[in-house]
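Novice: Sharing structure.cif here; it has mmCIF, C-alpha atoms, pLDDT in the B column; chains and numbers go by the auth columns.
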data_start
#
loop_
_atom_site.group_PDB
_atom_site.id
_atom_site.type_symbol
_atom_site.label_atom_id
_atom_site.label_comp_id
_atom_site.label_asym_id
_atom_site.label_seq_id
_atom_site.Cartn_x
_atom_site.Cartn_y
_atom_site.Cartn_z
_atom_site.B_iso_or_equiv
_atom_site.auth_seq_id
_atom_site.auth_asym_id
ATOM 1 C CA MET A 1 14.216 3.476 -33.740 46.00 237 O
ATOM 2 C CA ARG A 2 14.141 4.402 -30.082 41.00 238 O
ATOM 3 C CA ARG A 3 15.009 1.640 -27.590 42.00 239 O
ATOM 4 C CA HIS A 4 13.281 1.530 -24.219 40.00 240 O
ATOM 5 C CA ARG A 5 15.243 0.862 -21.079 39.00 241 O
ATOM 6 C CA PRO A 6 13.021 -1.202 -18.771 37.00 242 O
ATOM 7 C CA LEU A 7 15.448 -1.464 -15.838 32.00 243 O
ATOM 8 C CA PRO A 8 15.319 2.194 -14.719 35.00 244 O
ATOM 9 C CA LEU A 9 11.533 2.077 -15.031 32.00 245 O
ATOM 10 C CA LEU A 10 11.434 -1.138 -12.979 28.00 246 O
ATOM 11 C CA ALA A 11 13.613 0.441 -10.273 32.00 247 O
ATOM 12 C CA LEU A 12 11.292 3.471 -10.171 29.00 248 O
ATOM 13 C CA LEU A 13 8.210 1.246 -9.904 30.00 249 O
ATOM 14 C CA LEU A 14 9.786 -0.781 -7.088 34.00 250 O
ATOM 15 C CA ALA A 15 10.667 2.385 -5.208 36.00 251 O
ATOM 16 C CA LEU A 16 7.136 3.714 -5.613 34.00 252 O
ATOM 17 C CA ALA A 17 5.757 0.397 -4.349 38.00 253 O
ATOM 18 C CA GLY A 18 7.568 0.939 -1.067 41.00 254 O
ATOM 19 C CA CYS A 19 10.632 -1.170 -1.643 43.00 255 O
ATOM 20 C CA ALA A 20 13.949 -0.999 -3.420 38.00 256 O
ATOM 21 C CA PRO A 21 15.937 -3.583 -5.322 35.00 257 O
ATOM 22 C CA ALA A 22 18.111 -5.534 -2.905 34.00 258 O
ATOM 23 C CA THR A 23 21.852 -5.434 -3.453 36.00 259 O
ATOM 24 C CA GLU A 24 22.609 -7.953 -0.748 43.00 260 O
ATOM 25 C CA PRO A 25 20.912 -11.257 0.065 48.00 261 O
ATOM 26 C CA GLY A 26 17.707 -11.469 -1.897 45.00 262 O
ATOM 27 C CA GLY A 27 19.053 -9.779 -5.006 47.00 263 O
ATOM 28 C CA ALA A 28 17.838 -10.920 -8.395 46.00 264 O
ATOM 29 C CA SER A 29 20.412 -13.705 -8.564 46.00 265 O
ATOM 30 C CA GLY A 30 20.565 -14.764 -4.941 53.00 266 O
ATOM 31 C CA PRO A 31 18.445 -16.294 -2.215 65.00 267 O
ATOM 32 C CA PRO A 32 16.721 -14.009 0.292 84.00 268 O
ATOM 33 C CA LEU A 33 18.523 -15.619 3.264 86.00 269 O
ATOM 34 C CA TRP A 34 21.985 -14.930 4.557 90.00 270 O
ATOM 35 C CA SER A 35 22.621 -17.395 7.384 93.00 271 O
ATOM 36 C CA VAL A 36 25.415 -17.124 9.951 95.00 272 O
ATOM 37 C CA PRO A 37 26.923 -20.377 11.279 95.00 273 O
ATOM 38 C CA ALA A 38 26.616 -20.654 15.078 94.00 274 O
ATOM 39 C CA ALA A 39 30.383 -20.433 15.591 94.00 275 O
ATOM 40 C CA ASP A 40 30.582 -17.142 13.662 95.00 276 O
ATOM 41 C CA ARG A 41 27.660 -15.270 15.219 97.00 277 O
ATOM 42 C CA GLY A 42 28.156 -11.984 17.001 96.00 278 O
ATOM 43 C CA ALA A 43 25.986 -10.507 19.708 97.00 279 O
ATOM 44 C CA ALA A 44 22.966 -8.549 18.575 97.00 280 O
ATOM 45 C CA PRO A 45 22.942 -5.004 19.937 96.00 281 O
ATOM 46 C CA ASP A 46 20.435 -4.626 22.756 96.00 282 O
ATOM 47 C CA LEU A 47 17.940 -2.539 20.818 97.00 283 O
ATOM 48 C CA ALA A 48 15.637 -0.760 23.234 96.00 284 O
ATOM 49 C CA GLY A 49 12.901 1.803 23.082 95.00 285 O
ATOM 50 C CA ARG A 50 9.174 2.372 23.127 95.00 286 O
ATOM 51 C CA THR A 51 6.701 0.315 21.182 95.00 287 O
ATOM 52 C CA LEU A 52 4.125 1.989 18.975 95.00 288 O
ATOM 53 C CA ASP A 53 1.659 1.785 21.865 92.00 289 O
ATOM 54 C CA GLY A 54 4.149 3.268 24.359 94.00 290 O
ATOM 55 C CA ARG A 55 5.522 0.241 26.232 95.00 291 O
ATOM 56 C CA SER A 56 9.252 -0.132 26.937 97.00 292 O
ATOM 57 C CA VAL A 57 10.914 -3.069 25.181 96.00 293 O
ATOM 58 C CA ARG A 58 14.478 -4.353 24.913 96.00 294 O
ATOM 59 C CA LEU A 59 15.682 -7.061 22.580 97.00 295 O
ATOM 60 C CA SER A 60 17.351 -8.674 25.614 96.00 296 O
ATOM 61 C CA ASP A 61 13.871 -9.087 27.185 96.00 297 O
ATOM 62 C CA TYR A 62 13.531 -12.052 24.817 97.00 298 O
ATOM 63 C CA ARG A 63 16.808 -13.813 25.697 96.00 299 O
ATOM 64 C CA GLY A 64 16.195 -17.569 25.628 96.00 300 O
ATOM 65 C CA LYS A 65 13.768 -17.209 22.703 97.00 301 O
ATOM 66 C CA VAL A 66 14.388 -17.140 18.981 98.00 302 O
ATOM 67 C CA VAL A 67 13.557 -13.604 17.848 98.00 303 O
ATOM 68 C CA VAL A 68 12.249 -12.773 14.392 98.00 304 O
ATOM 69 C CA LEU A 69 13.027 -9.031 14.170 98.00 305 O
ATOM 70 C CA ASN A 70 11.082 -7.584 11.246 97.00 306 O
ATOM 71 C CA VAL A 71 11.954 -4.097 9.947 96.00 307 O
ATOM 72 C CA TRP A 72 8.981 -2.412 8.275 96.00 308 O
ATOM 73 C CA ALA A 73 7.189 0.843 7.486 95.00 309 O
ATOM 74 C CA PRO A 74 3.441 1.495 7.130 95.00 310 O
ATOM 75 C CA TRP A 75 3.810 2.877 3.593 94.00 311 O
ATOM 76 C CA CYS A 76 5.592 -0.275 2.338 95.00 312 O
ATOM 77 C CA GLY A 77 3.332 -2.468 0.174 95.00 313 O
ATOM 78 C CA PRO A 78 5.293 -5.706 0.758 96.00 314 O
ATOM 79 C CA CYS A 79 5.215 -4.964 4.514 96.00 315 O
ATOM 80 C CA ARG A 80 1.418 -4.840 4.341 94.00 316 O
ATOM 81 C CA ALA A 81 1.312 -8.240 2.642 95.00 317 O
ATOM 82 C CA GLU A 82 3.731 -9.744 5.162 96.00 318 O
ATOM 83 C CA ALA A 83 2.091 -8.463 8.379 96.00 319 O
ATOM 84 C CA PRO A 84 -0.725 -11.065 8.620 96.00 320 O
ATOM 85 C CA GLU A 85 1.798 -13.848 7.962 97.00 321 O
ATOM 86 C CA LEU A 86 4.019 -12.652 10.807 98.00 322 O
ATOM 87 C CA SER A 87 1.012 -12.381 13.134 97.00 323 O
ATOM 88 C CA ARG A 88 0.036 -15.979 12.380 97.00 324 O
ATOM 89 C CA ALA A 89 3.625 -17.082 12.927 98.00 325 O
ATOM 90 C CA GLN A 90 3.677 -15.323 16.316 98.00 326 O
ATOM 91 C CA GLN A 91 0.422 -16.931 17.376 97.00 327 O
ATOM 92 C CA HIS A 92 1.484 -20.439 16.308 97.00 328 O
ATOM 93 C CA LEU A 93 5.130 -20.345 17.395 98.00 329 O
ATOM 94 C CA LYS A 94 5.004 -18.384 20.657 97.00 330 O
ATOM 95 C CA ALA A 95 4.584 -21.534 22.770 97.00 331 O
ATOM 96 C CA LYS A 96 7.642 -23.061 21.052 97.00 332 O
ATOM 97 C CA GLY A 97 9.892 -20.166 22.064 97.00 333 O
ATOM 98 C CA VAL A 98 9.678 -17.799 19.086 98.00 334 O
ATOM 99 C CA GLN A 99 9.024 -14.074 19.475 98.00 335 O
ATOM 100 C CA VAL A 100 8.246 -11.834 16.519 98.00 336 O
ATOM 101 C CA LEU A 101 9.298 -8.240 17.187 98.00 337 O
ATOM 102 C CA GLY A 102 8.722 -5.434 14.712 97.00 338 O
ATOM 103 C CA LEU A 103 10.896 -2.393 14.202 97.00 339 O
ATOM 104 C CA GLU A 104 8.819 0.325 12.530 96.00 340 O
ATOM 105 C CA THR A 105 10.885 3.008 10.783 93.00 341 O
ATOM 106 C CA ASP A 106 8.352 5.695 9.844 91.00 342 O
ATOM 107 C CA ALA A 107 8.762 9.140 11.406 89.00 343 O
ATOM 108 C CA GLU A 108 5.056 9.354 12.239 89.00 344 O
ATOM 109 C CA ARG A 109 4.100 7.106 15.173 91.00 345 O
ATOM 110 C CA GLY A 110 0.393 7.481 14.347 93.00 346 O
ATOM 111 C CA ALA A 111 0.816 5.857 10.924 94.00 347 O
ATOM 112 C CA GLY A 112 2.560 2.863 12.490 94.00 348 O
ATOM 113 C CA LEU A 113 -0.034 2.602 15.251 94.00 349 O
ATOM 114 C CA ALA A 114 -2.866 2.653 12.682 95.00 350 O
ATOM 115 C CA PHE A 115 -1.070 -0.070 10.673 95.00 351 O
ATOM 116 C CA GLN A 116 -0.655 -2.159 13.831 94.00 352 O
ATOM 117 C CA ARG A 117 -4.340 -1.783 14.677 94.00 353 O
ATOM 118 C CA ASP A 118 -5.624 -2.302 11.103 93.00 354 O
ATOM 119 C CA HIS A 119 -3.577 -5.489 10.698 92.00 355 O
ATOM 120 C CA ALA A 120 -4.261 -6.724 14.271 92.00 356 O
ATOM 121 C CA LEU A 121 -0.575 -7.424 14.790 94.00 357 O
ATOM 122 C CA ALA A 122 -0.028 -10.127 17.408 94.00 358 O
ATOM 123 C CA TYR A 123 3.454 -8.834 18.239 96.00 359 O
ATOM 124 C CA PRO A 124 4.941 -5.554 19.477 96.00 360 O
ATOM 125 C CA SER A 125 6.839 -3.123 17.259 96.00 361 O
ATOM 126 C CA LEU A 126 9.516 -0.713 18.406 96.00 362 O
ATOM 127 C CA HIS A 127 9.116 2.761 16.935 96.00 363 O
ATOM 128 C CA ASP A 128 12.396 3.847 15.319 95.00 364 O
ATOM 129 C CA PRO A 129 11.895 7.143 13.497 91.00 365 O
ATOM 130 C CA GLY A 130 14.940 7.962 11.408 83.00 366 O
ATOM 131 C CA GLY A 131 16.462 4.513 11.927 87.00 367 O
ATOM 132 C CA ARG A 132 18.426 5.454 15.058 92.00 368 O
ATOM 133 C CA LEU A 133 18.203 1.902 16.436 95.00 369 O
ATOM 134 C CA LEU A 134 19.120 0.375 13.097 92.00 370 O
ATOM 135 C CA THR A 135 22.454 2.211 13.087 93.00 371 O
ATOM 136 C CA ARG A 136 23.476 0.007 16.024 94.00 372 O
ATOM 137 C CA LEU A 137 23.361 -3.082 13.795 93.00 373 O
ATOM 138 C CA PRO A 138 26.444 -4.215 11.857 93.00 374 O
ATOM 139 C CA ARG A 139 26.331 -2.803 8.314 92.00 375 O
ATOM 140 C CA ARG A 140 25.729 -6.197 6.698 91.00 376 O
ATOM 141 C CA PHE A 141 22.502 -6.458 8.730 92.00 377 O
ATOM 142 C CA ARG A 142 21.133 -3.182 7.330 90.00 378 O
ATOM 143 C CA PRO A 143 20.062 -3.744 3.717 91.00 379 O
ATOM 144 C CA GLN A 144 18.621 -0.879 1.718 86.00 380 O
ATOM 145 C CA SER A 145 15.195 -2.441 1.139 89.00 381 O
ATOM 146 C CA LEU A 146 12.030 -3.067 3.128 94.00 382 O
ATOM 147 C CA PRO A 147 10.845 -5.297 4.560 95.00 383 O
ATOM 148 C CA TYR A 148 13.732 -7.283 5.936 96.00 384 O
ATOM 149 C CA THR A 149 14.015 -9.582 8.896 97.00 385 O
ATOM 150 C CA LEU A 150 16.830 -10.428 11.279 97.00 386 O
ATOM 151 C CA LEU A 151 16.993 -13.749 13.059 98.00 387 O
ATOM 152 C CA VAL A 152 18.356 -13.695 16.595 98.00 388 O
ATOM 153 C CA ASP A 153 19.193 -16.991 18.287 98.00 389 O
ATOM 154 C CA ARG A 154 18.319 -17.943 21.888 97.00 390 O
ATOM 155 C CA ASN A 155 21.670 -16.557 23.044 97.00 391 O
ATOM 156 C CA GLY A 156 21.018 -13.081 21.617 97.00 392 O
ATOM 157 C CA ARG A 157 23.324 -13.512 18.613 97.00 393 O
ATOM 158 C CA LEU A 158 22.611 -12.467 15.021 97.00 394 O
ATOM 159 C CA ALA A 159 21.878 -15.719 13.187 97.00 395 O
ATOM 160 C CA GLY A 160 20.603 -14.542 9.825 96.00 396 O
ATOM 161 C CA LEU A 161 19.084 -11.959 7.544 97.00 397 O
ATOM 162 C CA TRP A 162 16.075 -12.434 5.259 96.00 398 O
ATOM 163 C CA VAL A 163 15.604 -9.764 2.584 94.00 399 O
ATOM 164 C CA SER A 164 12.124 -10.344 1.214 93.00 400 O
ATOM 165 C CA PRO A 165 8.591 -10.519 2.600 96.00 401 O
ATOM 166 C CA LEU A 166 8.098 -13.627 4.764 95.00 402 O
ATOM 167 C CA THR A 167 5.277 -16.121 4.905 97.00 403 O
ATOM 168 C CA GLU A 168 4.294 -18.019 8.038 97.00 404 O
ATOM 169 C CA ALA A 169 5.705 -21.206 6.483 97.00 405 O
ATOM 170 C CA GLU A 170 9.038 -19.473 5.859 96.00 406 O
ATOM 171 C CA VAL A 171 9.165 -18.238 9.470 97.00 407 O
ATOM 172 C CA ARG A 172 8.559 -21.803 10.647 97.00 408 O
ATOM 173 C CA GLY A 173 11.329 -23.082 8.386 96.00 409 O
ATOM 174 C CA LEU A 174 13.804 -20.388 9.417 96.00 410 O
ATOM 175 C CA THR A 175 13.203 -20.769 13.148 97.00 411 O
ATOM 176 C CA ARG A 176 13.110 -24.583 13.286 96.00 412 O
ATOM 177 C CA PRO A 177 16.918 -25.089 13.269 96.00 413 O
ATOM 178 C CA LEU A 178 17.414 -22.198 15.694 97.00 414 O
ATOM 179 C CA LEU A 179 14.910 -23.736 18.127 97.00 415 O
ATOM 180 C CA ARG A 180 16.958 -26.959 18.094 95.00 416 O
ATOM 181 C CA GLU A 181 20.055 -25.092 19.272 94.00 417 O
ATOM 182 C CA ARG A 182 20.715 -24.912 22.983 86.00 418 O
ATOM 183 C CA ALA A 183 20.648 -21.668 24.907 78.00 419 O
ATOM 184 C CA ARG A 184 23.829 -20.992 26.854 79.00 420 O
#
Represent the structure contained in this file as structure tokens.
Specialist:
Amino acid sequence: MRRHRPLPLLALLLALAGCAPATEPGGASGPPLWSVPAADRGAAPDLAGRTLDGRSVRLSDYRGKVVVLNVWAPWCGPCRAEAPELSRAQQHLKAKGVQVLGLETDAERGAGLAFQRDHALAYPSLHDPGGRLLTRLPRRFRPQSLPYTLLVDRNGRLAGLWVSPLTEAEVRGLTRPLLRERAR
């Protein structure tokens, strides 16, 4: 009798769906959040470049705000599901000092721009073909799956990593303690 091996098939299906199994936070046995205590946080690199619609943006432009830096691609199914949630979070949390910033990794700017328009994203997204900007992040902040989200505190330090699609409620929960911290 022939035995089927479902795990390789599952990995193939996940890859075809636009994501890969996470081997870091968010793996099958772990939570999707890796949080960094305030005393142990390092500075986030000052990622800079052009947004999908051609504007110049730097991560440091948002110093004093809590930044939700979402890494995505237009071909990623979970990214498509997450986009409206992040837009709602941006709209509802902007006045409280939260800024959602996307980092789109597809080589084709037009695909990202169409995604941004089709989903009416309420936040800008840096265009990072080939992941050049991502290489500036510490290795532990570069999981091998999409989407993932970095949390940057008001002082521009890496405060956490979320490896799973986010809901608006999760963004609220993740940013609440960071908003209570003082900017220095």
Novice: Which is closest to O:Ala343 among O:Leu387, O:Val304, O:Leu288, O:Ala274, if we use all atoms listed in the file?
Specialist: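 Smallest separation from O:Ala343 among the options: O:Leu288.
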Novice: Rounded to one decimal, what separation in Å do you get between atom CA of O:Asp342 and atom CA of O:Gln326?
Specialist: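 Taking atom CA of O:Asp342 and atom CA of O:Gln326, their separation equals 22.5 Å.
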Novice: Any idea what the distance is between atom CA of O:Ala284 and atom CA of O:Ala405?
Specialist: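 Going from atom CA of O:Ala284 over to atom CA of O:Ala405 covers 28.2 Å.
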Novice: Pick the closest to O:Gly367 from O:Ala280, O:His328, O:Asp354, O:Ala309: which is it, counting all atoms listed in the file?
Specialist: O:Ala309
Novice: When you look at O:Pro310 with a cut-off of 6 Å (counting all atoms listed in the file), what residues show up, excluding the ones that are within fewer than 2 positions of it in the same chain? I need them as number ranges by chain.
Specialist: O: 312, 348, 351
Novice: Could you check which of O:Val293, O:Ala395, O:Leu382, O:Leu322 is closest to O:Ala275, using only C-alpha atoms?
Specialist: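 Among the listed residues, the smallest separation from O:Ala275 belongs to O:Ala395.
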Novice: Restore all heavy atoms in stretch 298-309 of chain O and list the result as a compact mmCIF listing (two decimals), in the frame of the given file.
Specialist:
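The resulting file, out.txt, is reproduced below:
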# COMPACT_ATOMS: atom_id res chain seq x y z
N TYR O 298 13.91 -10.80 25.45
CA TYR O 298 13.53 -12.05 24.82
C TYR O 298 14.67 -13.08 24.80
O TYR O 298 14.59 -14.07 24.08
CB TYR O 298 13.02 -11.79 23.40
CG TYR O 298 11.87 -10.82 23.40
CD1 TYR O 298 12.02 -9.53 22.91
CD2 TYR O 298 10.64 -11.18 23.93
CE1 TYR O 298 10.96 -8.63 22.92
CE2 TYR O 298 9.58 -10.28 23.96
CZ TYR O 298 9.75 -9.02 23.45
OH TYR O 298 8.71 -8.12 23.48
N ARG O 299 15.70 -12.86 25.61
CA ARG O 299 16.81 -13.81 25.70
C ARG O 299 16.23 -15.17 26.07
O ARG O 299 15.34 -15.28 26.89
CB ARG O 299 17.82 -13.33 26.73
CG ARG O 299 19.05 -14.18 26.94
CD ARG O 299 19.95 -14.35 25.72
NE ARG O 299 20.66 -13.20 25.26
CZ ARG O 299 21.87 -12.83 25.66
NH1 ARG O 299 22.48 -13.48 26.60
NH2 ARG O 299 22.44 -11.78 25.14
N GLY O 300 16.72 -16.22 25.42
CA GLY O 300 16.20 -17.57 25.63
C GLY O 300 15.16 -17.95 24.58
O GLY O 300 14.77 -19.10 24.48
N LYS O 301 14.71 -16.96 23.80
CA LYS O 301 13.77 -17.21 22.70
C LYS O 301 14.46 -16.92 21.38
O LYS O 301 15.43 -16.16 21.33
CB LYS O 301 12.54 -16.30 22.81
CG LYS O 301 11.72 -16.56 24.04
CD LYS O 301 10.50 -15.69 24.06
CE LYS O 301 9.71 -16.01 25.33
NZ LYS O 301 8.33 -15.62 25.22
N VAL O 302 13.95 -17.50 20.32
CA VAL O 302 14.39 -17.14 18.98
C VAL O 302 13.57 -15.91 18.58
O VAL O 302 12.34 -15.93 18.67
CB VAL O 302 14.15 -18.30 17.99
CG1 VAL O 302 14.43 -17.84 16.56
CG2 VAL O 302 15.01 -19.50 18.36
N VAL O 303 14.25 -14.85 18.20
CA VAL O 303 13.56 -13.60 17.85
C VAL O 303 13.59 -13.41 16.34
O VAL O 303 14.64 -13.53 15.70
CB VAL O 303 14.19 -12.39 18.56
CG1 VAL O 303 13.50 -11.09 18.13
CG2 VAL O 303 14.13 -12.55 20.07
N VAL O 304 12.42 -13.12 15.79
CA VAL O 304 12.25 -12.77 14.39
C VAL O 304 12.02 -11.26 14.39
O VAL O 304 10.93 -10.80 14.72
CB VAL O 304 11.05 -13.54 13.79
CG1 VAL O 304 10.80 -13.13 12.35
CG2 VAL O 304 11.27 -15.05 13.91
N LEU O 305 13.07 -10.49 14.10
CA LEU O 305 13.03 -9.03 14.17
C LEU O 305 12.76 -8.48 12.78
O LEU O 305 13.65 -8.46 11.92
CB LEU O 305 14.34 -8.48 14.73
CG LEU O 305 14.44 -6.97 14.87
CD1 LEU O 305 13.42 -6.42 15.86
CD2 LEU O 305 15.84 -6.57 15.28
N ASN O 306 11.53 -8.03 12.56
CA ASN O 306 11.08 -7.58 11.25
C ASN O 306 11.12 -6.06 11.15
O ASN O 306 10.51 -5.37 11.96
CB ASN O 306 9.66 -8.10 11.00
CG ASN O 306 9.12 -7.66 9.68
OD1 ASN O 306 8.29 -6.77 9.61
ND2 ASN O 306 9.59 -8.27 8.61
N VAL O 307 11.84 -5.54 10.17
CA VAL O 307 11.95 -4.10 9.95
C VAL O 307 10.95 -3.72 8.85
O VAL O 307 10.96 -4.29 7.76
CB VAL O 307 13.39 -3.72 9.55
CG1 VAL O 307 13.51 -2.21 9.35
CG2 VAL O 307 14.39 -4.20 10.61
N TRP O 308 10.08 -2.75 9.17
CA TRP O 308 8.98 -2.41 8.28
C TRP O 308 8.61 -0.93 8.37
O TRP O 308 9.09 -0.22 9.25
CB TRP O 308 7.76 -3.28 8.59
CG TRP O 308 7.18 -3.09 9.98
CD1 TRP O 308 7.61 -3.66 11.13
CD2 TRP O 308 6.08 -2.26 10.33
NE1 TRP O 308 6.83 -3.24 12.19
CE2 TRP O 308 5.88 -2.38 11.73
CE3 TRP O 308 5.23 -1.43 9.61
CZ2 TRP O 308 4.88 -1.71 12.42
CZ3 TRP O 308 4.22 -0.75 10.29
CH2 TRP O 308 4.06 -0.90 11.68
N ALA O 309 7.76 -0.51 7.47
CA ALA O 309 7.19 0.84 7.49
C ALA O 309 5.74 0.74 7.01
O ALA O 309 5.42 -0.11 6.17
CB ALA O 309 7.98 1.78 6.58
